[in-house]
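Structure record follows, encoded as structure tokens.
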Amino acid sequence: MKYSEAQQGRVFVIRLEDGEIVHQVIEQFVQEHNIERASLIAVGGADKGSILVTGPEESRTFPSTPMTHELYDAHEITGTGTIFPDDTGKPVLHGHFACGREESTVTGCIRTGVKVWQVMEIILTELLENTASRQLDPHTGFKLLIP
């Protein structure tokens, strides 16, 4: 385990609107508000056509080939994520959503495009006094969090 300490900064209450792409809107918001690091929670709806990364095709093969799942209709969501700068200094959202409809739920990473269905509520908490960032790991090919 590796870790670092941070202090809580500003807290934002955000409502995303129908058709917005979650990671794009949140990354734009943090750039406009000079937020480098943050955590977030989300509730709301994900629209038909949203795509989640649901795992690698093979768990121990690198580079990995991601599996994706496209939502076939509107789904209720709950999710969480973190924002840290990547190796270029750009704040990047890493978020996972559980998306349910009737008795079926799929969970995955939202980086390939989750579209808001009607409304999504985000509570974003800025993290201060911290230098954590995402750096490229040559073995996995992932930009891993370096606390």
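Please note that chains go A, B, ... in the order of the structure tokens, that every chain numbers its residues from 1, and that ligands are numbered from 1 in the order shown.
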Checklist entry - If we count only C-alpha atoms, what is near segment 80-97 of chain A at a cut-off of 7 Å, once residues fewer than 2 positions away on the same chain are taken out, given as a VMD selection string? => result chain A and resid 23 27 36 to 42 77 to 78 99 107 to 110 132 to 135
Checklist entry - Just asking: which residues within chain A are strand (DSSP E or B) according to DSSP, as a ChimeraX atom specification? => result /A:7-17,21,38-46,51-56,66-70,75-85,91-101,104-109,115-128,133-136,143-146
Checklist entry - Rounded to one decimal in Å, what is the spacing between atom CA of Gln28 of chain A and atom CA of Leu16 of chain A? => result 12.3 Å
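Comparing the minimum interatomic distances between Ser4 of chain A and each of A:Lys143, A:His75, A:Leu127, A:Asp137, counting only C-alpha atoms, we find that A:Leu127 sits nearest.
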Next on the checklist: Applying 7 Å and only C-alpha atoms, which residues near segment 59-70 of chain A remain after dropping the ones on its own chain fewer than 6 positions away? List them as number ranges by chain.
Outcome noted: A: 49-53, 140-141
Checklist outcome for this item: What separates atom CA of Ile146 of chain A and atom CA of Val13 of chain A is a distance of 27.4 Å
Next on the checklist: When you look at Val43 of chain A with a cut-off of 8 Å (counting only C-alpha atoms), what residues show up, excluding the ones that are within fewer than 3 positions of it in the same chain? I need them as an MDAnalysis selection string.
Outcome noted: chainID A and resid 76:79 120:122
